[in-house]
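Notes for the one structure printed next.
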Amino acid sequence: MKKIAITGANGYLASLIQSVNQTHFDFIPITRKEVDLADPEAVTRFFERMDYDFVFHAAARTQTSDCEANPRDTHKVNTESAITIAKACHKKGARFIFLSTEQVFNNRTENLPFKEDTLVNSSSVYGQQKIEVENFLIENQIDSVILRLSWMMGLSSPGIKSSPNILTNVMKAMFFQKPTMFTVNECRGMTYASNLAEQFDKIIHLPKGIYHFSSQNEQSTYEAAKKIASMLGFDDDGIDLYILPDNSRYADRFRNLRLATNKIESHGINGSTFEKDVHKCLSDFGWLN
């Protein structure tokens, strides 16, 4: 069995991947207990003495506000340690799977889904930190798959705790009758994380390069939130009480973060849509028949 070191092993996506693929790979879970990614020198020592065939690098400090407030500290985690791990993989002849983000495009103004060869342009520290790693991997011809992800969604299950996402945000708003704002001036992909976990084997064996993994969506985040509430069985009056439009955020420029997925689909990775993903997730967890 191939050995896969997986960072951020207790996180939602990494936990789901391990659960779905536990009989196919020998996972080596890596958390902060094993090595602190804020210490790149310790990361170098740790990964150089390990034995693995792949590193699936899911660990990161992903909160935009955190990165803006703590650029030096988050750079060590998001950029320096990622590059350090990539160098260790290169020395060992192992493959590096790097999780990047739609945020590398958040300063572009086009309204079409972005392709892999679209020039990146990010106004956020987080996006810039990810771009720096992408550039290193490409310029140094590291055997790597750069996987740019959309906003991943899903629900918690035993041993797997979901990250905050549009599904959980809508459920909290509706079930706890808590009025919640959702962005009107934004359209982005929102992807059921199970789609990635179920196609993990194909993804890690893709030819070296950059790929987008995202379900397609034409709705604003506000419209998508209303759609989820409707699928959960709430009527329009109830939805309008608790799913509220945030018209001020990105009012100066509509935010498009959609990713084109033709490239990855040409390699046999199945795509989906936001609505299909929501229906599948709610069905998987017993919310829909």
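Following the order of the structure tokens, chains are lettered A, B, ..., residues in each are numbered from 1, and ligands are numbered from 1.
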Original post:
Which residues come within 7 Å of Thr44 (chain A), counting only C-alpha atoms, excluding same-chain residues fewer than 3 positions away, as an MDAnalysis selection string?
Top reply: chainID A and resid 40:41 47:48 84:85 88
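Near region 96-98 of chain A, within a cut-off of 9 Å and counting only C-alpha atoms, sit the residues A:Asp53, A:Phe54, A:Val55, A:Phe56, A:His57, A:Ala58, A:Ala82, A:Ile85, A:Ala86, A:Cys89, A:His90, A:Val133, A:Glu134, A:Ile142, A:Asp143, A:Ser144, A:Val145, A:Ile146, A:Leu147, A:Arg148, A:Ile204, with same-chain residues fewer than 4 positions away left out.
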Original post:
So how many Å separate CA of Ala38 (chain A) and CA of Pro71 (chain A), to one decimal?
Top reply: 12.0 Å
Any chance you could tabulate, as CSV, the residues of region 128-236 of chain A at most 10 Å from region 253-263 of chain A with each one's nearest atom pair and distance in Å to one decimal, using only C-alpha atoms, in chain and rising number order?
```
residue,atom,partner,partner_atom,distance
A:Arg148,CA,A:Leu259,CA,8.5
A:Leu149,CA,A:Leu259,CA,8.3
A:Ser150,CA,A:Leu259,CA,7.4
A:Trp151,CA,A:Leu257,CA,9.6
A:Thr183,CA,A:Arg255,CA,9.7
A:Val184,CA,A:Phe254,CA,8.7
A:Asn185,CA,A:Phe254,CA,4.9
A:Glu186,CA,A:Arg255,CA,4.5
A:Cys187,CA,A:Asn256,CA,5.1
A:Arg188,CA,A:Leu257,CA,4.6
A:Gly189,CA,A:Arg258,CA,5.3
A:Met190,CA,A:Arg258,CA,9.0
A:Ile210,CA,A:Lys263,CA,9.1
A:Tyr211,CA,A:Lys263,CA,6.7
A:His212,CA,A:Thr261,CA,5.4
A:Phe213,CA,A:Thr261,CA,6.3
A:Ser214,CA,A:Leu259,CA,6.3
A:Ser215,CA,A:Thr261,CA,8.2
A:Gln216,CA,A:Arg258,CA,7.4
A:Asn217,CA,A:Arg258,CA,7.5
A:Glu218,CA,A:Arg258,CA,8.8
A:Ser220,CA,A:Asn256,CA,9.3
```
Include N, CA, C and O atoms and write out the residues we just selected as an mmCIF file, in the first residue's frame.
```
data_model
loop_
_atom_site.group_PDB
_atom_site.id
_atom_site.type_symbol
_atom_site.label_atom_id
_atom_site.label_comp_id
_atom_site.auth_asym_id
_atom_site.auth_seq_id
_atom_site.Cartn_x
_atom_site.Cartn_y
_atom_site.Cartn_z
ATOM 1 N N ARG A 148 -6.578 23.697 -6.840
ATOM 2 C CA ARG A 148 -7.295 24.884 -6.384
ATOM 3 C C ARG A 148 -8.735 24.505 -6.089
ATOM 4 O O ARG A 148 -9.453 24.015 -6.965
ATOM 5 N N LEU A 149 -9.148 24.747 -4.859
ATOM 6 C CA LEU A 149 -10.470 24.325 -4.405
ATOM 7 C C LEU A 149 -11.420 25.502 -4.263
ATOM 8 O O LEU A 149 -11.017 26.630 -3.977
ATOM 9 N N SER A 150 -12.701 25.201 -4.414
ATOM 10 C CA SER A 150 -13.749 26.162 -4.099
ATOM 11 C C SER A 150 -14.054 26.049 -2.606
ATOM 12 O O SER A 150 -13.380 25.345 -1.851
ATOM 13 N N TRP A 151 -15.120 26.732 -2.182
ATOM 14 C CA TRP A 151 -15.593 26.621 -0.798
ATOM 15 C C TRP A 151 -16.183 25.220 -0.633
ATOM 16 O O TRP A 151 -17.162 24.853 -1.280
ATOM 17 N N THR A 183 -24.037 37.036 1.424
ATOM 18 C CA THR A 183 -23.554 38.015 0.455
ATOM 19 C C THR A 183 -24.328 37.964 -0.862
ATOM 20 O O THR A 183 -24.477 36.906 -1.467
ATOM 21 N N VAL A 184 -24.781 39.133 -1.313
ATOM 22 C CA VAL A 184 -25.493 39.256 -2.582
ATOM 23 C C VAL A 184 -24.515 39.431 -3.741
ATOM 24 O O VAL A 184 -24.689 38.844 -4.809
ATOM 25 N N ASN A 185 -23.468 40.213 -3.516
ATOM 26 C CA ASN A 185 -22.543 40.589 -4.593
ATOM 27 C C ASN A 185 -21.387 39.603 -4.720
ATOM 28 O O ASN A 185 -20.215 39.997 -4.780
ATOM 29 N N GLU A 186 -21.717 38.327 -4.779
ATOM 30 C CA GLU A 186 -20.689 37.288 -4.842
ATOM 31 C C GLU A 186 -21.266 36.032 -5.480
ATOM 32 O O GLU A 186 -22.396 35.637 -5.202
ATOM 33 N N CYS A 187 -20.481 35.419 -6.348
ATOM 34 C CA CYS A 187 -20.831 34.109 -6.897
ATOM 35 C C CYS A 187 -19.579 33.243 -6.862
ATOM 36 O O CYS A 187 -18.533 33.635 -7.388
ATOM 37 N N ARG A 188 -19.683 32.089 -6.238
ATOM 38 C CA ARG A 188 -18.522 31.216 -6.100
ATOM 39 C C ARG A 188 -18.965 29.761 -6.152
ATOM 40 O O ARG A 188 -20.126 29.435 -5.924
ATOM 41 N N GLY A 189 -18.033 28.880 -6.448
ATOM 42 C CA GLY A 189 -18.322 27.461 -6.379
ATOM 43 C C GLY A 189 -18.460 27.006 -4.938
ATOM 44 O O GLY A 189 -17.780 27.514 -4.049
ATOM 45 N N MET A 190 -19.348 26.066 -4.710
ATOM 46 C CA MET A 190 -19.526 25.457 -3.384
ATOM 47 C C MET A 190 -19.658 23.965 -3.617
ATOM 48 O O MET A 190 -20.575 23.520 -4.301
ATOM 49 N N ILE A 210 -1.506 22.154 -12.496
ATOM 50 C CA ILE A 210 -2.541 22.869 -11.750
ATOM 51 C C ILE A 210 -3.907 22.387 -12.215
ATOM 52 O O ILE A 210 -4.157 22.245 -13.420
ATOM 53 N N TYR A 211 -4.810 22.156 -11.251
ATOM 54 C CA TYR A 211 -6.170 21.718 -11.562
ATOM 55 C C TYR A 211 -7.170 22.452 -10.670
ATOM 56 O O TYR A 211 -6.874 22.751 -9.511
ATOM 57 N N HIS A 212 -8.340 22.698 -11.219
ATOM 58 C CA HIS A 212 -9.436 23.279 -10.443
ATOM 59 C C HIS A 212 -10.433 22.179 -10.091
ATOM 60 O O HIS A 212 -10.856 21.416 -10.959
ATOM 61 N N PHE A 213 -10.807 22.135 -8.813
ATOM 62 C CA PHE A 213 -11.827 21.188 -8.367
ATOM 63 C C PHE A 213 -12.937 21.993 -7.719
ATOM 64 O O PHE A 213 -12.774 22.545 -6.630
ATOM 65 N N SER A 214 -14.071 22.060 -8.397
ATOM 66 C CA SER A 214 -15.185 22.876 -7.921
ATOM 67 C C SER A 214 -16.461 22.437 -8.607
ATOM 68 O O SER A 214 -16.459 22.110 -9.796
ATOM 69 N N SER A 215 -17.555 22.461 -7.872
ATOM 70 C CA SER A 215 -18.855 22.274 -8.502
ATOM 71 C C SER A 215 -19.308 23.610 -9.082
ATOM 72 O O SER A 215 -18.972 24.675 -8.572
ATOM 73 N N GLN A 216 -20.069 23.546 -10.158
ATOM 74 C CA GLN A 216 -20.468 24.758 -10.867
ATOM 75 C C GLN A 216 -21.684 25.410 -10.213
ATOM 76 O O GLN A 216 -22.554 24.736 -9.666
ATOM 77 N N ASN A 217 -21.727 26.738 -10.297
ATOM 78 C CA ASN A 217 -22.792 27.487 -9.645
ATOM 79 C C ASN A 217 -23.027 28.801 -10.378
ATOM 80 O O ASN A 217 -22.069 29.450 -10.807
ATOM 81 N N GLU A 218 -24.285 29.168 -10.531
ATOM 82 C CA GLU A 218 -24.643 30.425 -11.188
ATOM 83 C C GLU A 218 -25.335 31.389 -10.222
ATOM 84 O O GLU A 218 -25.721 32.486 -10.615
ATOM 85 N N SER A 220 -25.839 33.706 -6.628
ATOM 86 C CA SER A 220 -25.110 34.440 -5.595
ATOM 87 C C SER A 220 -25.135 33.622 -4.304
ATOM 88 O O SER A 220 -25.956 32.707 -4.135
#
```
Per residue of region 65-112 of chain A within 12 Å of region 232-250 of chain A, what are the shortest atom pair and its distance in Å to one decimal, counting only C-alpha atoms, with rows by chain and residue number, as CSV?
```
residue,atom,partner,partner_atom,distance
A:Asn106,CA,A:Tyr250,CA,11.1
A:Asn107,CA,A:Tyr250,CA,11.5
A:Thr109,CA,A:Tyr250,CA,11.9
```
Original post:
Out of A:Gln18, A:Thr180, A:Thr168, A:Asn10, which residue has the shortest atom-to-atom distance to Arg32 (chain A) when counting only C-alpha atoms?
Top reply: A:Asn10
**OP:** Work out how far apart CA of Lys202 (chain A) and CA of Phe274 (chain A) are and give it in Å to one decimal.
**Re:** 21.6 Å
Original post:
Which one is closest to His279 (chain A): A:Met181, A:Leu167, A:Gln141, A:Phe200? Count only C-alpha atoms.
Top reply: A:Leu167
